[in-house]
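S.K.: Input file: upload-v4.cif. Contents: mmCIF, C-alpha atoms and all ligand atoms.
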```
data_entry
#
loop_
_atom_site.label_atom_id
_atom_site.label_comp_id
_atom_site.auth_asym_id
_atom_site.auth_seq_id
_atom_site.Cartn_x
_atom_site.Cartn_y
_atom_site.Cartn_z
CA VAL A 146 -30.94 -2.79 3.49
CA VAL A 147 -30.21 -5.13 6.36
CA SER A 148 -28.50 -3.78 9.45
CA ASP A 149 -25.88 -5.93 11.11
CA SER A 150 -28.00 -6.42 14.21
CA GLU A 151 -30.73 -8.10 12.13
CA VAL A 152 -28.33 -10.59 10.57
CA ILE A 153 -28.40 -14.03 12.17
CA PRO A 154 -25.37 -16.07 11.18
CA PHE A 155 -26.05 -19.67 10.20
CA SER A 156 -24.20 -22.65 11.56
CA VAL A 157 -23.78 -26.11 10.00
CA PRO A 158 -21.45 -29.08 10.66
CA GLY A 159 -18.40 -29.52 8.43
CA TYR A 160 -19.23 -32.80 6.72
CA ALA A 161 -22.33 -33.07 4.49
CA CYS A 162 -23.14 -36.46 6.07
CA GLN A 163 -23.54 -34.82 9.49
CA ARG A 164 -26.28 -32.48 8.33
CA ARG A 165 -29.97 -32.99 8.25
CA THR A 166 -30.96 -32.14 4.70
CA THR A 167 -34.56 -32.14 3.52
CA LEU A 168 -35.89 -31.78 -0.01
CA GLU A 169 -36.86 -28.22 0.94
CA ASN A 170 -34.18 -25.90 -0.39
CA HIS A 171 -34.45 -22.25 0.64
CA ASN A 172 -31.50 -21.20 -1.46
CA SER A 173 -32.13 -22.77 -4.85
CA VAL A 174 -31.01 -19.68 -6.76
CA LEU A 175 -27.59 -19.93 -5.13
CA THR A 176 -27.35 -23.72 -5.20
CA ASP A 177 -28.43 -23.89 -8.86
CA ALA A 178 -25.64 -21.46 -9.71
CA LEU A 179 -22.99 -23.37 -7.75
CA SER A 180 -24.24 -26.71 -9.12
CA LEU A 181 -23.89 -25.42 -12.65
CA LEU A 182 -20.30 -24.40 -11.97
CA ALA A 183 -19.72 -27.83 -10.38
CA GLU A 184 -21.13 -29.51 -13.45
CA ASN A 185 -18.95 -27.41 -15.73
CA ALA A 186 -15.86 -28.30 -13.69
CA GLU A 187 -16.73 -32.02 -13.73
CA LEU A 188 -17.31 -31.94 -17.48
CA SER A 189 -13.95 -30.20 -17.90
CA ASP A 190 -12.04 -32.89 -15.99
CA GLU A 191 -11.55 -30.60 -12.98
CA ASP A 192 -12.97 -32.87 -10.30
CA GLY A 193 -11.34 -31.01 -7.42
CA ARG A 194 -13.05 -27.78 -8.36
CA GLY A 195 -16.26 -29.70 -8.96
CA VAL A 196 -16.27 -31.13 -5.44
CA ALA A 197 -15.53 -27.69 -3.96
CA PHE A 198 -18.63 -26.22 -5.67
CA ARG A 199 -20.75 -29.27 -4.70
CA ARG A 200 -19.70 -28.90 -1.05
CA ALA A 201 -20.52 -25.20 -1.10
CA ALA A 202 -23.93 -25.89 -2.66
CA ALA A 203 -24.64 -28.60 -0.05
CA VAL A 204 -23.95 -26.16 2.80
CA LEU A 205 -26.42 -23.63 1.38
CA LYS A 206 -28.98 -26.39 0.80
CA ALA A 207 -28.88 -27.27 4.49
CA LEU A 208 -29.67 -23.73 5.71
CA PRO A 209 -33.06 -23.23 7.42
CA SER A 210 -33.93 -20.08 5.44
CA ALA A 211 -32.86 -17.99 2.49
CA VAL A 212 -29.55 -16.15 2.69
CA THR A 213 -30.21 -12.42 2.45
CA HIS A 214 -26.87 -11.03 3.46
CA VAL A 215 -23.38 -12.36 2.95
CA SER A 216 -22.48 -11.75 6.61
CA GLN A 217 -24.84 -14.59 7.55
CA LEU A 218 -22.31 -16.93 6.00
CA THR A 219 -19.44 -16.02 8.33
CA GLY A 220 -17.93 -19.15 9.84
CA LEU A 221 -19.75 -21.61 7.57
CA PRO A 222 -17.63 -24.52 6.32
CA CYS A 223 -16.80 -25.35 2.68
CA LEU A 224 -17.39 -21.86 1.32
CA GLY A 225 -14.18 -21.13 -0.55
CA GLU A 226 -13.13 -17.84 -2.05
CA HIS A 227 -14.50 -18.74 -5.45
CA SER A 228 -17.90 -19.89 -4.21
CA LEU A 229 -18.23 -16.83 -1.96
CA ARG A 230 -17.51 -14.59 -4.93
CA VAL A 231 -20.33 -16.23 -6.88
CA ILE A 232 -22.72 -15.96 -3.90
CA LYS A 233 -21.89 -12.28 -3.35
CA ASP A 234 -22.41 -11.57 -7.03
CA ILE A 235 -25.89 -13.11 -6.92
CA LEU A 236 -26.91 -11.45 -3.65
CA LYS A 237 -25.82 -8.09 -5.06
CA ASN A 238 -26.86 -8.32 -8.73
CA GLY A 239 -29.39 -11.12 -8.89
CA THR A 240 -27.14 -13.17 -11.18
CA SER A 241 -23.51 -14.26 -11.35
CA SER A 242 -21.59 -13.15 -14.41
CA GLU A 243 -19.48 -16.33 -14.29
CA VAL A 244 -22.55 -18.56 -14.23
CA GLU A 245 -24.21 -16.64 -17.03
CA SER A 246 -21.15 -16.74 -19.26
CA THR A 247 -20.65 -20.46 -18.55
CA LYS A 248 -24.29 -21.18 -19.42
CA ALA A 249 -23.92 -19.26 -22.67
CA SER A 250 -20.61 -20.79 -23.71
CA GLU A 251 -20.65 -23.02 -26.78
CA ARG A 252 -18.30 -25.48 -25.13
CA PHE A 253 -20.51 -25.95 -22.05
CA LYS A 254 -23.62 -26.36 -24.20
CA ALA A 255 -21.88 -28.93 -26.38
CA LEU A 256 -20.53 -30.83 -23.35
CA LYS A 257 -24.03 -30.97 -21.84
CA VAL A 258 -25.65 -32.23 -25.04
CA LEU A 259 -22.98 -34.82 -25.79
CA THR A 260 -22.61 -36.17 -22.24
CA GLY A 261 -26.41 -36.29 -22.13
CA ILE A 262 -26.03 -39.29 -24.43
CA PHE A 263 -26.00 -42.45 -22.33
CA GLY A 264 -22.53 -44.00 -22.65
CA VAL A 265 -20.72 -40.73 -23.39
CA GLY A 266 -18.44 -39.32 -20.70
CA ALA A 267 -16.57 -36.05 -20.44
CA LYS A 268 -13.45 -37.42 -22.16
CA THR A 269 -15.30 -38.66 -25.26
CA ALA A 270 -17.35 -35.46 -25.46
CA ASP A 271 -14.18 -33.39 -25.24
CA ARG A 272 -12.57 -35.36 -28.06
CA TRP A 273 -15.64 -34.96 -30.26
CA ILE A 274 -15.79 -31.21 -29.57
CA ARG A 275 -12.15 -30.89 -30.62
CA GLU A 276 -13.13 -32.66 -33.83
CA GLY A 277 -15.86 -30.07 -34.42
CA ILE A 278 -18.86 -32.08 -33.17
CA HIS A 279 -21.14 -29.92 -31.00
CA ASN A 280 -24.59 -31.48 -31.33
CA LEU A 281 -26.44 -34.69 -32.14
CA GLN A 282 -26.87 -33.86 -35.82
CA GLN A 283 -23.15 -33.28 -36.26
CA LEU A 284 -22.46 -36.50 -34.37
CA ARG A 285 -24.87 -38.50 -36.54
CA SER A 286 -23.31 -37.26 -39.76
CA SER A 287 -19.71 -37.44 -38.53
CA GLY A 288 -19.26 -41.16 -39.09
CA GLN A 289 -17.83 -41.53 -35.56
CA THR A 290 -17.76 -45.13 -34.40
CA LEU A 291 -20.19 -45.47 -31.51
CA ASN A 292 -20.18 -48.37 -29.07
CA ARG A 293 -23.40 -50.27 -28.28
CA ALA A 294 -24.23 -48.10 -25.25
CA GLN A 295 -23.71 -44.88 -27.20
CA GLN A 296 -25.82 -46.12 -30.12
CA ALA A 297 -28.67 -46.89 -27.72
CA GLY A 298 -28.08 -43.57 -25.95
CA LEU A 299 -28.31 -41.64 -29.20
CA GLU A 300 -31.38 -43.55 -30.34
CA HIS A 301 -33.28 -42.89 -27.09
CA TYR A 302 -31.78 -39.48 -26.35
CA ALA A 303 -35.06 -37.56 -26.04
CA ASP A 304 -36.66 -40.15 -23.72
CA ILE A 305 -33.64 -40.50 -21.48
CA ARG A 306 -33.36 -36.72 -21.12
CA GLN A 307 -36.93 -36.62 -19.77
CA PRO A 308 -36.95 -36.94 -15.97
CA VAL A 309 -38.38 -40.20 -14.62
CA SER A 310 -41.45 -39.71 -12.41
CA THR A 311 -42.26 -41.61 -9.21
CA ALA A 312 -45.16 -43.26 -11.03
CA GLU A 313 -42.78 -44.51 -13.72
CA ALA A 314 -40.30 -45.66 -11.07
CA GLU A 315 -43.13 -47.61 -9.39
CA ALA A 316 -44.11 -49.15 -12.72
CA ILE A 317 -40.53 -50.27 -13.28
CA ARG A 318 -40.39 -51.60 -9.73
CA GLY A 319 -43.46 -53.70 -10.53
CA LEU A 320 -41.73 -55.20 -13.56
CA VAL A 321 -38.49 -55.91 -11.72
CA GLU A 322 -40.40 -57.41 -8.76
CA ARG A 323 -42.25 -59.78 -11.06
CA ALA A 324 -39.05 -60.76 -12.83
CA VAL A 325 -37.15 -61.35 -9.59
CA ALA A 326 -40.02 -63.29 -7.99
CA SER A 327 -40.14 -65.58 -10.98
CA VAL A 328 -36.39 -66.30 -11.33
CA LEU A 329 -35.46 -66.38 -7.62
CA PRO A 330 -38.39 -66.63 -5.20
CA GLY A 331 -37.58 -65.06 -1.84
CA ALA A 332 -35.14 -62.55 -3.29
CA GLN A 333 -35.62 -59.01 -2.02
CA ILE A 334 -35.54 -55.84 -4.01
CA VAL A 335 -35.14 -52.25 -2.83
CA LEU A 336 -35.55 -49.03 -4.75
CA THR A 337 -32.35 -47.06 -4.07
CA GLY A 338 -30.81 -43.86 -5.47
CA GLY A 339 -32.66 -40.57 -5.51
CA PHE A 340 -36.13 -42.13 -5.19
CA ARG A 341 -35.12 -43.75 -1.89
CA ARG A 342 -34.13 -40.27 -0.70
CA GLY A 343 -37.65 -39.07 -1.47
CA LYS A 344 -36.88 -37.22 -4.67
CA LEU A 345 -39.91 -36.84 -6.93
CA THR A 346 -38.00 -37.28 -10.19
CA GLY A 347 -34.76 -38.92 -11.23
CA HIS A 348 -32.51 -39.41 -14.22
CA ASP A 349 -32.83 -43.18 -13.78
CA VAL A 350 -34.26 -45.83 -11.45
CA ASP A 351 -31.85 -47.75 -9.19
CA PHE A 352 -32.50 -51.14 -7.61
CA LEU A 353 -30.55 -53.26 -5.16
CA ILE A 354 -31.37 -56.95 -5.04
CA THR A 355 -30.33 -59.59 -2.50
CA HIS A 356 -31.45 -62.92 -1.06
CA PRO A 357 -31.65 -63.53 2.72
CA GLU A 358 -29.66 -66.77 2.30
CA GLU A 359 -26.03 -65.97 1.50
CA GLY A 360 -24.95 -67.35 -1.86
CA ARG A 361 -28.44 -67.79 -3.32
CA GLU A 362 -28.00 -64.48 -5.18
CA VAL A 363 -25.18 -65.95 -7.30
CA GLY A 364 -26.27 -66.25 -10.92
CA LEU A 365 -29.38 -64.13 -10.39
CA MET A 366 -28.53 -61.27 -12.74
CA PRO A 367 -28.25 -63.24 -16.01
CA LYS A 368 -31.57 -64.98 -15.26
CA LEU A 369 -33.23 -61.68 -14.37
CA VAL A 370 -31.91 -60.02 -17.52
CA SER A 371 -33.03 -62.85 -19.81
CA TRP A 372 -36.51 -62.88 -18.18
CA LEU A 373 -36.85 -59.16 -18.91
CA ASP A 374 -35.28 -59.40 -22.35
CA SER A 375 -37.45 -62.30 -23.50
CA ARG A 376 -40.51 -60.18 -22.73
CA GLY A 377 -39.24 -57.29 -24.83
CA LEU A 378 -38.72 -55.04 -21.81
CA LEU A 379 -35.08 -54.18 -22.49
CA LEU A 380 -33.84 -51.80 -25.16
CA TYR A 381 -30.24 -52.12 -23.96
CA GLN A 382 -28.36 -53.87 -21.18
CA LYS A 383 -24.79 -54.45 -20.18
CA THR A 384 -24.09 -56.73 -17.27
CA SER A 385 -20.79 -56.71 -15.39
CA ARG A 386 -20.11 -59.56 -13.04
CA ASN A 387 -19.09 -59.29 -9.40
CA SER A 388 -15.34 -58.81 -9.18
CA TYR A 389 -15.00 -58.02 -5.49
CA LEU A 390 -12.70 -60.89 -4.48
CA GLU A 391 -10.30 -60.53 -7.39
CA SER A 392 -10.23 -56.73 -7.34
CA GLN A 393 -7.38 -54.48 -6.27
CA ASP A 394 -9.64 -53.00 -3.63
CA GLY A 395 -10.98 -56.28 -2.26
CA PRO A 396 -10.71 -57.23 1.39
CA GLY A 397 -7.58 -55.92 3.02
CA ARG A 398 -7.02 -53.25 0.39
CA PRO A 399 -8.09 -49.65 0.64
CA PRO A 400 -11.52 -49.41 -0.96
CA SER A 401 -12.09 -47.32 -4.07
CA ASN A 402 -15.28 -45.39 -4.66
CA ILE A 403 -16.34 -47.76 -7.42
CA ASP A 404 -17.99 -50.89 -6.11
CA ARG A 405 -17.56 -54.39 -7.50
CA PHE A 406 -21.09 -55.77 -7.33
CA GLU A 407 -22.67 -57.60 -10.20
CA ARG A 408 -24.58 -54.88 -11.95
CA CYS A 409 -26.63 -54.21 -15.02
CA LEU A 410 -26.82 -50.81 -16.65
CA SER A 411 -29.91 -50.90 -18.79
CA ILE A 412 -32.55 -49.05 -20.75
CA PHE A 413 -36.06 -50.32 -20.14
CA LYS A 414 -38.91 -50.15 -22.60
CA LEU A 415 -41.75 -48.93 -20.41
CA SER A 416 -45.27 -48.98 -21.83
CA THR A 417 -47.02 -45.70 -21.22
CA PRO A 418 -50.40 -46.05 -19.48
CA GLU A 419 -52.06 -44.51 -22.56
CA ALA A 420 -50.38 -47.07 -24.82
CA ALA A 421 -51.54 -49.93 -22.66
CA LYS A 422 -55.14 -48.63 -22.97
CA THR A 423 -54.86 -48.11 -26.74
CA ASP A 424 -53.54 -51.63 -27.14
CA LEU A 425 -56.66 -52.98 -25.46
CA GLN A 426 -58.94 -50.84 -27.63
CA ASP A 427 -57.06 -51.91 -30.75
CA ALA A 428 -57.39 -55.54 -29.89
CA ALA A 429 -61.15 -55.05 -29.57
CA GLU A 430 -61.44 -52.99 -32.80
CA ASN A 431 -59.32 -55.36 -34.84
CA GLY A 432 -61.33 -58.28 -33.61
CA VAL A 433 -64.46 -56.64 -35.05
CA GLN A 434 -62.68 -55.73 -38.28
CA SER A 435 -61.49 -59.24 -38.94
CA GLU A 436 -65.07 -60.52 -38.70
CA GLU A 437 -66.29 -57.91 -41.20
CA ASP A 438 -63.53 -58.20 -43.78
CA GLY A 439 -61.08 -61.04 -43.72
CA GLU A 440 -59.33 -60.20 -47.01
CA SER A 441 -58.07 -56.62 -46.62
CA GLN A 442 -57.45 -56.94 -42.90
CA SER A 443 -53.72 -57.46 -42.92
CA GLY A 444 -53.02 -54.48 -45.22
CA GLU A 445 -55.28 -52.16 -43.30
CA LEU A 446 -54.00 -53.37 -39.98
CA GLY A 447 -50.40 -52.80 -41.14
CA GLN A 448 -51.15 -49.25 -42.24
CA HIS A 449 -53.10 -48.61 -39.09
CA LEU A 450 -50.20 -49.78 -36.93
CA GLN A 451 -47.71 -47.68 -38.86
CA ARG A 452 -49.85 -44.58 -38.50
CA LYS A 453 -50.33 -45.29 -34.85
CA ALA A 454 -46.60 -45.82 -34.21
CA ALA A 455 -45.80 -42.51 -35.86
CA SER A 456 -48.49 -40.46 -34.17
CA GLU A 457 -48.52 -41.87 -30.62
CA ARG A 458 -46.05 -42.63 -27.88
CA ARG A 459 -46.71 -46.23 -26.98
CA TRP A 460 -43.71 -46.57 -24.70
CA ARG A 461 -40.77 -44.65 -23.42
CA ALA A 462 -37.14 -45.51 -22.74
CA VAL A 463 -36.06 -45.33 -19.06
CA ARG A 464 -32.55 -45.80 -17.67
CA VAL A 465 -32.45 -48.47 -14.97
CA ASP A 466 -29.54 -49.65 -12.80
CA LEU A 467 -29.77 -53.12 -11.26
CA VAL A 468 -27.28 -54.21 -8.60
CA VAL A 469 -27.05 -57.59 -6.86
CA SER A 470 -25.41 -57.86 -3.45
CA PRO A 471 -24.75 -60.83 -1.16
CA VAL A 472 -26.79 -60.33 1.99
CA SER A 473 -23.60 -60.10 4.11
CA GLN A 474 -22.74 -56.86 2.28
CA PHE A 475 -26.30 -55.63 1.87
CA ALA A 476 -26.15 -52.95 4.59
CA PHE A 477 -23.14 -51.33 2.93
CA ALA A 478 -24.54 -51.73 -0.56
CA LEU A 479 -27.81 -50.09 0.47
CA LEU A 480 -25.98 -47.25 2.17
CA GLY A 481 -23.69 -46.82 -0.84
CA TRP A 482 -26.45 -46.90 -3.44
CA THR A 483 -28.81 -44.54 -1.66
CA GLY A 484 -26.59 -41.53 -2.35
CA SER A 485 -26.40 -38.71 -2.93
CA LYS A 486 -22.96 -38.91 -4.48
CA LEU A 487 -21.74 -36.07 -2.28
CA PHE A 488 -23.29 -37.63 0.83
CA GLU A 489 -21.45 -40.89 0.10
CA ARG A 490 -18.21 -39.10 -0.56
CA GLU A 491 -18.50 -37.10 2.65
CA LEU A 492 -19.48 -40.16 4.69
CA ARG A 493 -16.34 -41.95 3.48
CA ARG A 494 -14.20 -38.91 4.14
CA TRP A 495 -15.68 -38.59 7.62
CA ALA A 496 -15.14 -42.29 8.36
CA GLY A 497 -11.51 -42.05 7.24
CA HIS A 498 -10.48 -38.73 8.76
CA GLU A 499 -12.54 -38.70 11.94
CA ARG A 500 -12.79 -42.42 12.79
CA GLY A 501 -9.81 -44.07 11.09
CA MET A 502 -12.11 -46.39 9.16
CA SER A 503 -12.58 -47.26 5.50
CA LEU A 504 -16.12 -47.36 4.22
CA SER A 505 -17.13 -48.74 0.82
CA SER A 506 -20.32 -50.23 -0.63
CA HIS A 507 -18.96 -53.64 0.45
CA ALA A 508 -17.69 -53.17 3.97
CA LEU A 509 -16.51 -50.93 6.74
CA TYR A 510 -13.02 -51.64 8.00
CA ASP A 511 -11.22 -50.41 11.04
CA ASN A 512 -7.96 -49.35 9.41
CA LYS A 513 -5.90 -50.68 12.34
CA GLN A 514 -7.61 -54.07 12.47
CA VAL A 515 -7.33 -54.71 8.72
CA LYS A 516 -3.56 -54.87 9.12
CA ARG A 517 -3.86 -57.47 11.85
CA CYS A 518 -6.31 -59.54 9.92
CA THR A 519 -4.91 -60.18 6.45
CA GLU A 520 -5.49 -63.94 6.46
CA CYS A 521 -9.01 -64.29 7.72
CA ARG A 522 -10.22 -62.26 4.73
CA LEU A 523 -13.94 -62.34 4.20
CA THR A 524 -15.78 -64.11 6.98
CA ARG A 525 -14.41 -62.51 10.13
CA LEU A 526 -13.92 -59.17 8.46
CA ASP A 527 -17.47 -59.11 7.22
CA LYS A 528 -18.84 -59.87 10.65
CA LEU A 529 -16.74 -57.08 12.08
CA ALA A 530 -17.79 -54.80 9.26
CA TYR A 531 -21.45 -55.58 9.77
CA LEU A 532 -21.32 -54.93 13.50
CA THR A 533 -19.33 -51.74 13.12
CA THR A 534 -21.68 -50.47 10.45
CA ILE A 535 -24.72 -51.01 12.62
CA THR A 536 -23.03 -49.11 15.46
CA PHE A 537 -21.86 -46.48 13.02
CA LEU A 538 -25.34 -45.99 11.58
CA LYS A 539 -27.06 -45.91 14.95
CA ALA A 540 -24.61 -43.30 16.19
CA ASN A 541 -24.57 -41.07 13.16
CA LEU A 542 -27.65 -41.16 11.00
N1 LIG A 601 -23.37 -45.29 -7.51
C1 LIG A 601 -22.28 -46.10 -7.28
N2 LIG A 601 -21.51 -46.54 -8.31
C2 LIG A 601 -21.82 -46.18 -9.58
C3 LIG A 601 -22.93 -45.38 -9.84
C4 LIG A 601 -23.71 -44.95 -8.77
O1 LIG A 601 -22.02 -46.43 -6.14
N3 LIG A 601 -21.05 -46.59 -10.58
C5 LIG A 601 -24.16 -44.83 -6.39
C6 LIG A 601 -23.98 -43.34 -6.21
O2 LIG A 601 -23.07 -43.08 -5.19
C7 LIG A 601 -25.34 -42.87 -5.82
C8 LIG A 601 -26.31 -43.97 -6.21
O3 LIG A 601 -25.53 -45.05 -6.66
O4 LIG A 601 -25.38 -42.75 -4.44
C9 LIG A 601 -27.27 -43.54 -7.25
O5 LIG A 601 -26.59 -42.97 -8.34
P1 LIG A 601 -27.32 -42.18 -9.48
O6 LIG A 601 -28.42 -42.99 -10.05
O7 LIG A 601 -26.27 -41.74 -10.43
O8 LIG A 601 -27.83 -40.86 -8.77
P2 LIG A 601 -29.15 -40.55 -7.95
O9 LIG A 601 -28.73 -40.04 -6.63
O10 LIG A 601 -30.09 -41.71 -7.96
O11 LIG A 601 -29.76 -39.34 -8.76
P3 LIG A 601 -30.69 -39.39 -10.05
O12 LIG A 601 -32.06 -39.10 -9.56
O13 LIG A 601 -30.17 -38.33 -10.93
O14 LIG A 601 -30.58 -40.74 -10.66
MN MN A 602 -11.04 -20.86 -7.88
MN MN A 603 -30.52 -42.70 -9.77
MN MN A 604 -28.06 -44.85 -11.26
#
```
Would you write the structure of this file as C-alpha cells?
M.R.:
Amino acid sequence: VVSDSEVIPFSVPGYACQRRTTLENHNSVLTDALSLLAENAELSDEDGRGVAFRRAAAVLKALPSAVTHVSQLTGLPCLGEHSLRVIKDILKNGTSSEVESTKASERFKALKVLTGIFGVGAKTADRWIREGIHNLQQLRSSGQTLNRAQQAGLEHYADIRQPVSTAEAEAIRGLVERAVASVLPGAQIVLTGGFRRGKLTGHDVDFLITHPEEGREVGLMPKLVSWLDSRGLLLYQKTSRNSYLESQDGPGRPPSNIDRFERCLSIFKLSTPEAAKTDLQDAAENGVQSEEDGESQSGELGQHLQRKAASERRWRAVRVDLVVSPVSQFAFALLGWTGSKLFERELRRWAGHERGMSLSSHALYDNKQVKRCTECRLTRLDKLAYLTTITFLKANL
C-alpha cells in the first residue's frame, strides 16, 4: 500500500519527439499491453485508436521508473480514458482482461499470422479471414492467388519471423557496402531504422544510400540490385523508382507520410556463419574424394548435398529495405528513415502545429513561404529546407 505522500507524480512533454527516450523501459508490462492493443487496432483498420494506444505506450516508456500507483500518472499527456482503464487494471490485478481476451481471440491470432507474411496487409488478411483462412496451412490449400511478394513471404515465413540480430545486420551491411562500392564508388551508405536507434534486434535491416555529388545517385538502384542478384544474394526484390517530382505531394504540395524515394523492398539470402564454414570443409573433403574415386563422385556428392540441405541451415532469409536519396534531401531522408514510426509522426505533428511547418522525408517547408514560392520549386526551396532543418535539428534534438 502506497500512501499519497510517497507518490511522486511524473512529468513528460506532450509530443513524443520532445522526450528523451532510451532503450531502457521501466514499464514494459504496461507498454507491452498497450502496444498489443495498438497492434490489434491497426490490424482492424482502426488507425486512430492505434495511434492513441501508441502515444500512451510512448509516454510510459519515457518514465524514469516503474509506475506503482495510478496517481503518479496525474497530468501526464496522451493517457486517454481507455488507456488509463487498461493501466489501472494491470496495476490492480497484474493483467488486463481486455489484453488477455484480445490475445486469446481467434481473429487477432489469425490477423497476426497472416499479416506476418511479407506482402500481406490488414485488408488482405481480413478478406482471407472472412473466407475462412486463419493460418498458413489453410492459405496454402485455399488456392488463393498470391502476388510475387506474398509467395516469397509465405516461402520464407519462418526466417522472416525470426528477429534480425545486430551481427546479421552488420553482415548485410558488409554485402551492401561491397555492392555499392563496386557499382558507384564514392556513394555513401547508412544503416537506418531501428538499428540506427540502437535497437539490438529488428524485423528488417534498413539502408539509406546517397552520393555527395548531386545527381550521381540517379540509376544507382537497378545497378545495385543486379549486382546483388547476379551473386545469388536476393530471394526477392521489388524496386520502385523515385516519383517525387511527379507526385501529388511534391514541392509546393502538403507532404504525405509516404516518401517518394527510389526504394527496393527485398529479401536477402544471408549465409549463416556455420554454413560458410561447412562450405569450406566440404570443398576440402570433396577435393579428397574426387582423387580417390572419380566414377561415383557425382552421385555421392549429389546425395551428400541433398542430405546436407535437409539437415542444416546454410542460409537464412532477411528482409532488407534499400532507399536512395539525392544528397540535397539526405538530411530529411535520414531523419525520416531513422524512426520510430511514432517519433516521425509526432515530429511532423509538432512541426505543423507548433511551428507552422511541413516536414517530410524530402524537405521541411515553412507553410507561409511555400505559398510565396510556387515557381522556384526545387532549388531555392531545397536550400531553404536544408537550412531550416539544420536549425530545427540543432534546436530540438
Ligand atoms: N519508413 C518510411 N516509409 C515506409 C516504411 C518505413 O518512411 N514505407 C520509415 C519509418 O517511418 C521508420 C523507418 O522507415 O521510421 C524504419 O521502418 P521499419 O523498418 O518499418 O521500422 P524500424 O523502426 O526499423 O523497426 P524494425 O526493427 O521493426 O524494423
Ligand atoms: Mn476507447
Ligand atoms: Mn527496420
Ligand atoms: Mn523497413
S.K.: Please provide as a short mmCIF file (atom, residue, chain, number, x, y, z; two decimals) with C-alpha atoms, in the coordinates of the input all residues within 7 Å of A:Ser385, with the sequence filter that same-chain residues fewer than 5 positions apart are discarded (counting all atoms listed in the file).
M.R.:
```
data_model
loop_
_atom_site.label_atom_id
_atom_site.label_comp_id
_atom_site.auth_asym_id
_atom_site.auth_seq_id
_atom_site.Cartn_x
_atom_site.Cartn_y
_atom_site.Cartn_z
CA GLU A 407 -22.67 -57.60 -10.20
CA ARG A 408 -24.58 -54.88 -11.95
CA CYS A 409 -26.63 -54.21 -15.02
#
```
S.K.: Would you list the residues that come within 10 Å of ligand MN 602 (chain A)? Count only C-alpha atoms and all ligand atoms and give the answer as a PyMOL selection string.
M.R.: chain A and resi 194+197-198+225-228+230
S.K.: Could you list, as a ChimeraX atom specification, all the residues within 10 Å of ligand LIG 601 (chain A), counting all atoms listed in the file?
M.R.: /A:308-310,336-353,402-406,408,410,464-466,468,478-490,505-506
S.K.: Can you list, as an NGL selection string, every protein, DNA or RNA residue that comes within 8 Å of stretch 492-503 of chain A when you count all atoms listed in the file, leaving out same-chain residues fewer than 4 positions away?
M.R.: :A and (160-162 or 399-400 or 488 or 508-513)
S.K.: With C-alpha atoms retained, export the selected residues as a PDB file, in the frame of the given file.
M.R.:
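Result went into again-v5.pdb, see below:
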```
ATOM      1  CA  TYR A 160     -19.230 -32.800   6.720  1.00  0.00           C
ATOM      2  CA  ALA A 161     -22.330 -33.070   4.490  1.00  0.00           C
ATOM      3  CA  CYS A 162     -23.140 -36.460   6.070  1.00  0.00           C
ATOM      4  CA  PRO A 399      -8.090 -49.650   0.640  1.00  0.00           C
ATOM      5  CA  PRO A 400     -11.520 -49.410  -0.960  1.00  0.00           C
ATOM      6  CA  PHE A 488     -23.290 -37.630   0.830  1.00  0.00           C
ATOM      7  CA  ALA A 508     -17.690 -53.170   3.970  1.00  0.00           C
ATOM      8  CA  LEU A 509     -16.510 -50.930   6.740  1.00  0.00           C
ATOM      9  CA  TYR A 510     -13.020 -51.640   8.000  1.00  0.00           C
ATOM     10  CA  ASP A 511     -11.220 -50.410  11.040  1.00  0.00           C
ATOM     11  CA  ASN A 512      -7.960 -49.350   9.410  1.00  0.00           C
ATOM     12  CA  LYS A 513      -5.900 -50.680  12.340  1.00  0.00           C
TER      13      LYS A 513
END
```
S.K.: Restricting the calculation to only C-alpha atoms and all ligand atoms, which member of A:Ser473, A:Thr213, A:Thr166, A:Thr311 is positioned closest to ligand MN 603 (chain A)?
M.R.: A:Thr311
S.K.: Counting only C-alpha atoms, which of A:Arg361, A:Arg376, A:Arg293, A:Arg458 gets nearest to A:Arg323?
M.R.: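 Of the candidates, the smallest distance to A:Arg323 is held by A:Arg376.
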